[in-house]
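This is coords-v6.pdb (PDB, N, CA and C atoms).
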```pdb
MODEL        1
ATOM      1  N   MET C  13      99.377 183.698 121.568
ATOM      2  CA  MET C  13      98.061 184.283 121.771
ATOM      3  C   MET C  13      97.555 184.790 120.423
ATOM      4  N   SER C  14      96.304 184.470 120.127
ATOM      5  CA  SER C  14      95.745 184.900 118.855
ATOM      6  C   SER C  14      95.443 186.402 118.884
ATOM      7  N   GLU C  15      95.242 186.957 117.707
ATOM      8  CA  GLU C  15      94.934 188.388 117.605
ATOM      9  C   GLU C  15      93.596 188.709 118.289
ATOM     10  N   LYS C  16      92.611 187.808 118.133
ATOM     11  CA  LYS C  16      91.308 188.026 118.762
ATOM     12  C   LYS C  16      91.432 188.066 120.280
ATOM     13  N   VAL C  17      92.193 187.132 120.827
ATOM     14  CA  VAL C  17      92.378 187.102 122.285
ATOM     15  C   VAL C  17      93.069 188.374 122.740
ATOM     16  N   GLY C  18      94.051 188.832 121.979
ATOM     17  CA  GLY C  18      94.741 190.072 122.309
ATOM     18  C   GLY C  18      93.797 191.261 122.332
ATOM     19  N   LEU C  19      92.885 191.312 121.366
ATOM     20  CA  LEU C  19      91.898 192.396 121.332
ATOM     21  C   LEU C  19      90.983 192.345 122.550
ATOM     22  N   ILE C  20      90.566 191.155 122.912
ATOM     23  CA  ILE C  20      89.696 190.997 124.087
ATOM     24  C   ILE C  20      90.438 191.448 125.342
ATOM     25  N   LEU C  21      91.690 191.041 125.479
ATOM     26  CA  LEU C  21      92.479 191.431 126.649
ATOM     27  C   LEU C  21      92.628 192.944 126.743
ATOM     28  N   ARG C  22      92.961 193.570 125.619
ATOM     29  CA  ARG C  22      93.124 195.032 125.630
ATOM     30  C   ARG C  22      91.815 195.735 125.972
ATOM     31  N   PHE C  23      90.714 195.259 125.415
ATOM     32  CA  PHE C  23      89.422 195.849 125.732
ATOM     33  C   PHE C  23      89.113 195.669 127.219
ATOM     34  N   PHE C  24      89.323 194.473 127.711
ATOM     35  CA  PHE C  24      89.032 194.186 129.118
ATOM     36  C   PHE C  24      89.855 195.093 130.029
ATOM     37  N   GLU C  25      91.132 195.208 129.737
ATOM     38  CA  GLU C  25      92.010 196.040 130.567
ATOM     39  C   GLU C  25      91.649 197.521 130.479
ATOM     40  N   SER C  26      91.413 198.023 129.280
ATOM     41  CA  SER C  26      91.223 199.464 129.108
ATOM     42  C   SER C  26      89.807 199.941 129.419
ATOM     43  N   GLN C  27      88.822 199.103 129.251
ATOM     44  CA  GLN C  27      87.443 199.538 129.432
ATOM     45  C   GLN C  27      86.798 198.957 130.692
ATOM     46  N   VAL C  28      86.840 197.669 130.809
ATOM     47  CA  VAL C  28      86.093 197.001 131.870
ATOM     48  C   VAL C  28      86.725 197.223 133.238
ATOM     49  N   ILE C  29      88.000 196.941 133.384
ATOM     50  CA  ILE C  29      88.656 197.089 134.689
ATOM     51  C   ILE C  29      88.644 198.543 135.128
ATOM     52  N   ASP C  30      88.987 199.447 134.216
ATOM     53  CA  ASP C  30      89.020 200.863 134.575
ATOM     54  C   ASP C  30      87.656 201.376 135.020
ATOM     55  N   GLN C  31      86.612 200.895 134.383
ATOM     56  CA  GLN C  31      85.280 201.405 134.695
ATOM     57  C   GLN C  31      84.630 200.692 135.874
ATOM     58  N   PHE C  32      84.761 199.376 135.964
ATOM     59  CA  PHE C  32      83.991 198.624 136.951
ATOM     60  C   PHE C  32      84.818 198.007 138.082
ATOM     61  N   LYS C  33      86.106 197.886 137.925
ATOM     62  CA  LYS C  33      87.022 197.299 138.902
ATOM     63  C   LYS C  33      86.823 195.793 139.085
ATOM     64  N   LYS C  34      85.596 195.330 139.309
ATOM     65  CA  LYS C  34      85.305 193.904 139.470
ATOM     66  C   LYS C  34      84.093 193.574 138.609
ATOM     67  N   VAL C  35      84.188 192.481 137.851
ATOM     68  CA  VAL C  35      83.136 192.103 136.917
ATOM     69  C   VAL C  35      82.759 190.645 137.154
ATOM     70  N   VAL C  36      81.470 190.369 137.072
ATOM     71  CA  VAL C  36      80.974 189.001 137.114
ATOM     72  C   VAL C  36      80.471 188.665 135.715
ATOM     73  N   ILE C  37      80.958 187.561 135.173
ATOM     74  CA  ILE C  37      80.432 187.115 133.891
ATOM     75  C   ILE C  37      79.787 185.744 134.102
ATOM     76  N   VAL C  38      78.698 185.535 133.382
ATOM     77  CA  VAL C  38      77.992 184.256 133.440
ATOM     78  C   VAL C  38      78.011 183.698 132.026
ATOM     79  N   ILE C  39      78.608 182.518 131.877
ATOM     80  CA  ILE C  39      78.799 181.936 130.550
ATOM     81  C   ILE C  39      78.436 180.460 130.557
ATOM     82  N   ASP C  40      78.293 179.915 129.354
ATOM     83  CA  ASP C  40      78.017 178.486 129.246
ATOM     84  C   ASP C  40      79.340 177.717 129.203
ATOM     85  N   HIS C  41      79.255 176.429 129.024
ATOM     86  CA  HIS C  41      80.451 175.582 128.978
ATOM     87  C   HIS C  41      80.930 175.359 127.544
ATOM     88  N   GLY C  42      80.704 176.335 126.682
ATOM     89  CA  GLY C  42      81.160 176.211 125.300
ATOM     90  C   GLY C  42      82.661 175.999 125.242
ATOM     91  N   PRO C  43      83.131 175.309 124.214
ATOM     92  CA  PRO C  43      84.565 174.999 124.113
ATOM     93  C   PRO C  43      85.466 176.221 124.256
ATOM     94  N   TYR C  44      85.081 177.343 123.674
ATOM     95  CA  TYR C  44      85.924 178.528 123.772
ATOM     96  C   TYR C  44      85.998 179.020 125.210
ATOM     97  N   HIS C  45      84.873 179.009 125.918
ATOM     98  CA  HIS C  45      84.843 179.520 127.294
ATOM     99  C   HIS C  45      85.673 178.690 128.261
ATOM    100  N   VAL C  46      85.829 177.415 127.968
ATOM    101  CA  VAL C  46      86.587 176.543 128.880
ATOM    102  C   VAL C  46      87.965 176.179 128.315
ATOM    103  N   SER C  47      88.369 176.839 127.239
ATOM    104  CA  SER C  47      89.662 176.553 126.615
ATOM    105  C   SER C  47      90.815 176.930 127.542
ATOM    106  N   LYS C  48      91.966 176.394 127.248
ATOM    107  CA  LYS C  48      93.160 176.686 128.047
ATOM    108  C   LYS C  48      93.455 178.193 128.052
ATOM    109  N   ASN C  49      93.349 178.836 126.882
ATOM    110  CA  ASN C  49      93.604 180.281 126.813
ATOM    111  C   ASN C  49      92.671 181.060 127.720
ATOM    112  N   MET C  50      91.382 180.699 127.710
ATOM    113  CA  MET C  50      90.424 181.433 128.532
ATOM    114  C   MET C  50      90.637 181.135 130.018
ATOM    115  N   GLN C  51      90.990 179.909 130.346
ATOM    116  CA  GLN C  51      91.266 179.578 131.747
ATOM    117  C   GLN C  51      92.454 180.394 132.260
ATOM    118  N   GLU C  52      93.453 180.562 131.408
ATOM    119  CA  GLU C  52      94.600 181.398 131.777
ATOM    120  C   GLU C  52      94.172 182.858 131.939
ATOM    121  N   PHE C  53      93.305 183.318 131.052
ATOM    122  CA  PHE C  53      92.780 184.685 131.135
ATOM    123  C   PHE C  53      92.028 184.881 132.452
ATOM    124  N   TYR C  54      91.129 183.945 132.789
ATOM    125  CA  TYR C  54      90.372 184.055 134.035
ATOM    126  C   TYR C  54      91.310 184.080 135.238
ATOM    127  N   ALA C  55      92.331 183.235 135.218
ATOM    128  CA  ALA C  55      93.278 183.179 136.338
ATOM    129  C   ALA C  55      94.077 184.478 136.447
ATOM    130  N   GLU C  56      94.517 184.993 135.306
ATOM    131  CA  GLU C  56      95.317 186.222 135.310
ATOM    132  C   GLU C  56      94.530 187.415 135.869
ATOM    133  N   TYR C  57      93.231 187.443 135.598
ATOM    134  CA  TYR C  57      92.406 188.579 136.014
ATOM    135  C   TYR C  57      91.467 188.242 137.174
ATOM    136  N   ARG C  58      91.820 187.231 137.956
ATOM    137  CA  ARG C  58      90.921 186.792 139.030
ATOM    138  C   ARG C  58      90.612 187.892 140.048
ATOM    139  N   ASP C  59      91.472 188.882 140.205
ATOM    140  CA  ASP C  59      91.190 189.983 141.127
ATOM    141  C   ASP C  59      90.106 190.919 140.581
ATOM    142  N   HIS C  60      89.873 190.859 139.283
ATOM    143  CA  HIS C  60      88.912 191.761 138.639
ATOM    144  C   HIS C  60      87.741 191.018 137.998
ATOM    145  N   LEU C  61      87.798 189.707 137.998
ATOM    146  CA  LEU C  61      86.843 188.924 137.238
ATOM    147  C   LEU C  61      86.356 187.727 138.043
ATOM    148  N   HIS C  62      85.049 187.586 138.130
ATOM    149  CA  HIS C  62      84.457 186.404 138.761
ATOM    150  C   HIS C  62      83.653 185.685 137.691
ATOM    151  N   VAL C  63      83.961 184.429 137.444
ATOM    152  CA  VAL C  63      83.316 183.659 136.388
ATOM    153  C   VAL C  63      82.327 182.670 137.006
ATOM    154  N   GLU C  64      81.094 182.725 136.525
ATOM    155  CA  GLU C  64      80.070 181.754 136.905
ATOM    156  C   GLU C  64      79.616 181.066 135.628
ATOM    157  N   TYR C  65      79.383 179.774 135.725
ATOM    158  CA  TYR C  65      78.924 179.017 134.568
ATOM    159  C   TYR C  65      77.457 178.656 134.715
ATOM    160  N   PHE C  66      76.727 178.728 133.597
ATOM    161  CA  PHE C  66      75.374 178.201 133.592
ATOM    162  C   PHE C  66      75.470 176.712 133.866
ATOM    163  N   PRO C  67      74.487 176.134 134.530
ATOM    164  CA  PRO C  67      74.509 174.671 134.705
ATOM    165  C   PRO C  67      74.508 173.990 133.339
ATOM    166  N   SER C  68      75.136 172.839 133.247
ATOM    167  CA  SER C  68      75.152 172.095 131.990
ATOM    168  C   SER C  68      73.732 171.757 131.561
ATOM    169  N   TYR C  69      73.523 171.764 130.268
ATOM    170  CA  TYR C  69      72.236 171.397 129.671
ATOM    171  C   TYR C  69      71.084 172.246 130.204
ATOM    172  N   SER C  70      71.292 173.552 130.269
ATOM    173  CA  SER C  70      70.228 174.453 130.722
ATOM    174  C   SER C  70      70.116 175.668 129.800
ATOM    175  N   PRO C  71      69.818 175.433 128.517
ATOM    176  CA  PRO C  71      69.739 176.558 127.581
ATOM    177  C   PRO C  71      68.650 177.560 127.951
ATOM    178  N   GLU C  72      67.661 177.127 128.722
ATOM    179  CA  GLU C  72      66.588 178.053 129.104
ATOM    180  C   GLU C  72      67.097 179.173 130.003
ATOM    181  N   LEU C  73      68.266 178.995 130.615
ATOM    182  CA  LEU C  73      68.835 180.026 131.469
ATOM    183  C   LEU C  73      69.736 180.997 130.713
ATOM    184  N   ASP C  74      70.120 180.634 129.505
ATOM    185  CA  ASP C  74      71.084 181.414 128.731
ATOM    186  C   ASP C  74      70.346 182.289 127.715
ATOM    187  N   PRO C  75      70.341 183.605 127.914
ATOM    188  CA  PRO C  75      69.589 184.497 127.012
ATOM    189  C   PRO C  75      69.966 184.354 125.541
ATOM    190  N   ILE C  76      71.231 184.117 125.237
ATOM    191  CA  ILE C  76      71.617 184.016 123.823
ATOM    192  C   ILE C  76      70.992 182.786 123.187
ATOM    193  N   GLU C  77      70.819 181.716 123.959
ATOM    194  CA  GLU C  77      70.178 180.524 123.414
ATOM    195  C   GLU C  77      68.724 180.818 123.050
ATOM    196  N   GLN C  78      68.058 181.618 123.867
ATOM    197  CA  GLN C  78      66.681 182.017 123.563
ATOM    198  C   GLN C  78      66.647 182.820 122.260
ATOM    199  N   SER C  79      67.590 183.711 122.114
ATOM    200  CA  SER C  79      67.666 184.537 120.918
ATOM    201  C   SER C  79      67.934 183.692 119.679
ATOM    202  N   TRP C  80      68.876 182.736 119.779
ATOM    203  CA  TRP C  80      69.180 181.874 118.648
ATOM    204  C   TRP C  80      67.969 181.025 118.275
ATOM    205  N   ARG C  81      67.231 180.537 119.269
ATOM    206  CA  ARG C  81      66.049 179.721 118.990
ATOM    207  C   ARG C  81      65.039 180.514 118.154
ATOM    208  N   GLU C  82      64.782 181.745 118.569
ATOM    209  CA  GLU C  82      63.837 182.588 117.823
ATOM    210  C   GLU C  82      64.362 182.924 116.432
ATOM    211  N   THR C  83      65.651 183.159 116.321
ATOM    212  CA  THR C  83      66.248 183.466 115.021
ATOM    213  C   THR C  83      66.108 182.283 114.073
ATOM    214  N   LYS C  84      66.362 181.073 114.571
ATOM    215  CA  LYS C  84      66.241 179.879 113.723
ATOM    216  C   LYS C  84      64.805 179.694 113.245
ATOM    217  N   ARG C  85      63.855 179.937 114.128
ATOM    218  CA  ARG C  85      62.443 179.849 113.713
ATOM    219  C   ARG C  85      62.146 180.872 112.619
ATOM    220  N   TRP C  86      62.653 182.072 112.798
ATOM    221  CA  TRP C  86      62.431 183.157 111.844
ATOM    222  C   TRP C  86      63.044 182.821 110.496
ATOM    223  N   LEU C  87      64.267 182.293 110.510
ATOM    224  CA  LEU C  87      64.963 181.958 109.268
ATOM    225  C   LEU C  87      64.342 180.758 108.563
ATOM    226  N   ALA C  88      63.703 179.883 109.308
ATOM    227  CA  ALA C  88      63.148 178.660 108.727
ATOM    228  C   ALA C  88      62.070 178.940 107.689
ATOM    229  N   ILE C  89      61.433 180.080 107.756
ATOM    230  CA  ILE C  89      60.367 180.391 106.800
ATOM    231  C   ILE C  89      60.815 181.430 105.758
ATOM    232  N   ARG C  90      62.108 181.605 105.612
ATOM    233  CA  ARG C  90      62.645 182.530 104.623
ATOM    234  C   ARG C  90      63.587 181.800 103.669
ATOM    235  N   ASN C  91      63.743 182.382 102.500
ATOM    236  CA  ASN C  91      64.629 181.782 101.494
ATOM    237  C   ASN C  91      65.859 182.650 101.288
ATOM    238  N   TRP C  92      66.958 182.011 101.009
ATOM    239  CA  TRP C  92      68.160 182.723 100.603
ATOM    240  C   TRP C  92      68.878 181.860  99.575
ATOM    241  N   ASN C  93      69.578 182.528  98.683
ATOM    242  CA  ASN C  93      70.240 181.828  97.584
ATOM    243  C   ASN C  93      71.742 181.711  97.745
ATOM    244  N   ASN C  94      72.302 182.517  98.630
ATOM    245  CA  ASN C  94      73.749 182.501  98.805
ATOM    246  C   ASN C  94      74.088 183.068 100.184
ATOM    247  N   LYS C  95      75.357 183.131 100.505
ATOM    248  CA  LYS C  95      75.781 183.627 101.821
ATOM    249  C   LYS C  95      75.382 185.076 102.048
ATOM    250  N   ALA C  96      75.455 185.878 101.009
ATOM    251  CA  ALA C  96      75.094 187.296 101.148
ATOM    252  C   ALA C  96      73.617 187.438 101.527
ATOM    253  N   ASP C  97      72.752 186.632 100.892
ATOM    254  CA  ASP C  97      71.328 186.658 101.246
ATOM    255  C   ASP C  97      71.117 186.208 102.687
ATOM    256  N   LEU C  98      71.807 185.147 103.074
ATOM    257  CA  LEU C  98      71.697 184.649 104.445
ATOM    258  C   LEU C  98      72.143 185.720 105.438
ATOM    259  N   LYS C  99      73.245 186.373 105.124
ATOM    260  CA  LYS C  99      73.737 187.437 105.998
ATOM    261  C   LYS C  99      72.695 188.546 106.141
ATOM    262  N   GLU C 100      72.096 188.947 105.046
ATOM    263  CA  GLU C 100      71.050 189.977 105.108
ATOM    264  C   GLU C 100      69.880 189.516 105.968
ATOM    265  N   GLN C 101      69.496 188.257 105.819
ATOM    266  CA  GLN C 101      68.385 187.715 106.617
ATOM    267  C   GLN C 101      68.739 187.705 108.104
ATOM    268  N   LEU C 102      69.969 187.310 108.432
ATOM    269  CA  LEU C 102      70.393 187.297 109.840
ATOM    270  C   LEU C 102      70.410 188.704 110.428
ATOM    271  N   ILE C 103      70.931 189.650 109.684
ATOM    272  CA  ILE C 103      70.944 191.037 110.157
ATOM    273  C   ILE C 103      69.526 191.513 110.393
ATOM    274  N   SER C 104      68.660 191.209 109.452
ATOM    275  CA  SER C 104      67.262 191.597 109.599
ATOM    276  C   SER C 104      66.625 190.930 110.811
ATOM    277  N   ALA C 105      66.925 189.667 111.030
ATOM    278  CA  ALA C 105      66.366 188.943 112.179
ATOM    279  C   ALA C 105      66.760 189.607 113.487
ATOM    280  N   PHE C 106      68.021 189.975 113.619
ATOM    281  CA  PHE C 106      68.478 190.580 114.872
ATOM    282  C   PHE C 106      68.018 192.027 115.042
ATOM    283  N   GLN C 107      67.531 192.619 113.969
ATOM    284  CA  GLN C 107      66.976 193.968 114.080
ATOM    285  C   GLN C 107      65.499 193.938 114.450
ATOM    286  N   GLN C 108      64.890 192.766 114.384
ATOM    287  CA  GLN C 108      63.479 192.623 114.733
ATOM    288  C   GLN C 108      63.349 192.457 116.247
ATOM    289  N   ASP C 109      62.355 193.081 116.810
ATOM    290  CA  ASP C 109      62.160 192.998 118.255
ATOM    291  C   ASP C 109      61.891 191.585 118.760
ATOM    292  N   PHE C 110      61.261 190.744 117.961
ATOM    293  CA  PHE C 110      60.901 189.427 118.467
ATOM    294  C   PHE C 110      62.084 188.495 118.672
ATOM    295  N   VAL C 111      63.254 188.793 118.108
ATOM    296  CA  VAL C 111      64.420 187.953 118.352
ATOM    297  C   VAL C 111      65.261 188.473 119.496
ATOM    298  N   LYS C 112      65.002 189.659 119.949
ATOM    299  CA  LYS C 112      65.780 190.221 121.049
ATOM    300  C   LYS C 112      65.206 189.742 122.382
ATOM    301  N   ILE C 113      66.068 189.382 123.258
ATOM    302  CA  ILE C 113      65.646 188.954 124.586
ATOM    303  C   ILE C 113      65.812 190.148 125.522
ATOM    304  N   PRO C 114      64.743 190.595 126.156
ATOM    305  CA  PRO C 114      64.870 191.725 127.096
ATOM    306  C   PRO C 114      65.613 191.270 128.351
ATOM    307  N   ILE C 115      66.921 191.413 128.337
ATOM    308  CA  ILE C 115      67.783 190.819 129.356
ATOM    309  C   ILE C 115      67.434 191.289 130.762
ATOM    310  N   TYR C 116      67.091 192.529 130.930
ATOM    311  CA  TYR C 116      66.804 192.996 132.285
ATOM    312  C   TYR C 116      65.514 192.374 132.802
ATOM    313  N   ASP C 117      64.497 192.260 131.957
ATOM    314  CA  ASP C 117      63.284 191.570 132.361
ATOM    315  C   ASP C 117      63.590 190.101 132.643
ATOM    316  N   TYR C 118      64.438 189.529 131.811
ATOM    317  CA  TYR C 118      64.808 188.116 131.948
ATOM    318  C   TYR C 118      65.479 187.873 133.302
ATOM    319  N   LEU C 119      66.339 188.772 133.722
ATOM    320  CA  LEU C 119      67.058 188.589 134.979
ATOM    321  C   LEU C 119      66.162 188.781 136.200
ATOM    322  N   ARG C 120      65.074 189.515 136.051
ATOM    323  CA  ARG C 120      64.165 189.738 137.181
ATOM    324  C   ARG C 120      63.303 188.537 137.483
ATOM    325  N   THR C 121      63.162 187.618 136.529
ATOM    326  CA  THR C 121      62.279 186.472 136.753
ATOM    327  C   THR C 121      62.977 185.369 137.499
TER     328      THR C 121
ENDMDL
END
```

Just dump the structure as structure tokens.
Amino acid sequence: MSEKVGLILRFFESQVIDQFKKVVIVIDHGPYHVSKNMQEFYAEYRDHLHVEYFPSYSPELDPIEQSWRETKRWLAIRNWNNKADLKEQLISAFQQDFVKIPIYDYLRT
């Protein structure tokens, strides 16, 4: 098990299960989400975790895809000379209201 997976497991056990008892997550079919490690994780925590997948090829339903689309548009009209500049631009993009997806409003529609 990788260190990242271990951190996720510890967080899930100590924060999510203790606070909510049962959690529903909605995710896409990204390689990480459907990996063997994650499938084992979902199975191990099936009493506390219900996994639903977005339908394939439906980015309009996935809030993060909406956010990435707006971020890419925002970055397309900016210049950067190196990774540090790009990082600053990305941080700035996510701090702008127009790249944030109002998730609660999104779920009501």

| note | Computed gap from atom CA of C:Tyr44 to atom CA of C:Phe24 is 16.8 Å

| task | Output the residue selection produced by the PyMOL selection byres (((chain C and resi 84 and name CA) around 12) and name CA) on the file above, formatted as a count of residues only. | result | 20

| request: From the DSSP assignment of the backbone, select every residue of stretch 36-102 of chain C that is strand (DSSP E), and format the answer as a PyMOL selection string. | output: chain C and resi 36-39+61-65

| 6.5 Å contact set for C:Leu61, only N, CA and C atoms, chain neighbours under 2 positions out, as number ranges by chain | C: 33-37, 57-59, 63

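From atom C of C:Val46 back to atom C of C:Tyr69, the distance works out to 17.4 Å.
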
| request: Enumerate the residues of stretch 13-57 of chain C with a DSSP assignment of alpha helix (DSSP H), computed from the backbone, and present them as an MDAnalysis selection string. | output: chainID C and resid 15:23 30:32 48:56

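Candidate residues C:Glu72, C:Glu64, C:Ile103, C:Val17 were compared for distance to C:Asp40, and the nearest is C:Glu64, using only N, CA and C atoms.
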
Have stretch 91-101 of chain C completed to all heavy atoms, please, and pass it along as a compact mmCIF listing (two decimals), keeping the file's coordinate frame.
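The resulting file, result.txt, is shown below:
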```
# COMPACT_ATOMS: atom_id res chain seq x y z
N ASN C 91 63.74 182.38 102.50
CA ASN C 91 64.63 181.78 101.49
C ASN C 91 65.86 182.65 101.29
O ASN C 91 65.78 183.87 101.38
CB ASN C 91 63.89 181.66 100.15
CG ASN C 91 62.73 180.70 100.25
OD1 ASN C 91 62.86 179.63 100.82
ND2 ASN C 91 61.60 181.10 99.70
N TRP C 92 66.96 182.01 101.01
CA TRP C 92 68.16 182.72 100.60
C TRP C 92 68.88 181.86 99.58
O TRP C 92 68.77 180.64 99.58
CB TRP C 92 69.06 183.06 101.80
CG TRP C 92 69.52 181.88 102.58
CD1 TRP C 92 70.59 181.10 102.33
CD2 TRP C 92 68.89 181.33 103.74
NE1 TRP C 92 70.69 180.10 103.25
CE2 TRP C 92 69.66 180.21 104.13
CE3 TRP C 92 67.77 181.65 104.48
CZ2 TRP C 92 69.34 179.43 105.23
CZ3 TRP C 92 67.45 180.87 105.57
CH2 TRP C 92 68.22 179.79 105.94
N ASN C 93 69.58 182.53 98.68
CA ASN C 93 70.24 181.83 97.58
C ASN C 93 71.74 181.71 97.74
O ASN C 93 72.38 180.92 97.06
CB ASN C 93 69.93 182.54 96.26
CG ASN C 93 68.46 182.53 95.96
OD1 ASN C 93 67.80 181.52 96.13
ND2 ASN C 93 67.92 183.66 95.52
N ASN C 94 72.30 182.52 98.63
CA ASN C 94 73.75 182.50 98.80
C ASN C 94 74.09 183.07 100.18
O ASN C 94 73.19 183.46 100.94
CB ASN C 94 74.44 183.30 97.69
CG ASN C 94 73.86 184.69 97.56
OD1 ASN C 94 73.64 185.38 98.56
ND2 ASN C 94 73.60 185.12 96.33
N LYS C 95 75.36 183.13 100.50
CA LYS C 95 75.78 183.63 101.82
C LYS C 95 75.38 185.08 102.05
O LYS C 95 75.03 185.46 103.16
CB LYS C 95 77.30 183.47 102.00
CG LYS C 95 77.74 182.05 102.22
CD LYS C 95 79.25 181.99 102.45
CE LYS C 95 79.73 180.58 102.60
NZ LYS C 95 81.19 180.52 102.83
N ALA C 96 75.46 185.88 101.01
CA ALA C 96 75.09 187.30 101.15
C ALA C 96 73.62 187.44 101.53
O ALA C 96 73.27 188.25 102.40
CB ALA C 96 75.39 188.06 99.86
N ASP C 97 72.75 186.63 100.89
CA ASP C 97 71.33 186.66 101.25
C ASP C 97 71.12 186.21 102.69
O ASP C 97 70.32 186.78 103.42
CB ASP C 97 70.51 185.75 100.32
CG ASP C 97 70.36 186.31 98.92
OD1 ASP C 97 70.69 187.49 98.70
OD2 ASP C 97 69.90 185.54 98.04
N LEU C 98 71.81 185.15 103.07
CA LEU C 98 71.70 184.65 104.44
C LEU C 98 72.14 185.72 105.44
O LEU C 98 71.48 185.96 106.46
CB LEU C 98 72.52 183.38 104.63
CG LEU C 98 72.59 182.83 106.06
CD1 LEU C 98 71.21 182.51 106.61
CD2 LEU C 98 73.48 181.60 106.10
N LYS C 99 73.24 186.37 105.12
CA LYS C 99 73.74 187.44 106.00
C LYS C 99 72.69 188.55 106.14
O LYS C 99 72.43 189.00 107.26
CB LYS C 99 75.04 188.00 105.44
CG LYS C 99 75.65 189.09 106.30
CD LYS C 99 76.96 189.59 105.71
CE LYS C 99 77.53 190.73 106.53
NZ LYS C 99 78.81 191.20 105.99
N GLU C 100 72.10 188.95 105.05
CA GLU C 100 71.05 189.98 105.11
C GLU C 100 69.88 189.52 105.97
O GLU C 100 69.33 190.30 106.75
CB GLU C 100 70.56 190.32 103.71
CG GLU C 100 71.53 191.17 102.91
CD GLU C 100 70.99 191.49 101.53
OE1 GLU C 100 69.76 191.62 101.38
OE2 GLU C 100 71.81 191.60 100.61
N GLN C 101 69.50 188.26 105.82
CA GLN C 101 68.39 187.72 106.62
C GLN C 101 68.74 187.70 108.10
O GLN C 101 67.91 188.05 108.95
CB GLN C 101 68.02 186.30 106.16
CG GLN C 101 67.42 186.24 104.78
CD GLN C 101 66.03 186.84 104.74
OE1 GLN C 101 65.29 186.85 105.72
NE2 GLN C 101 65.65 187.34 103.58
```
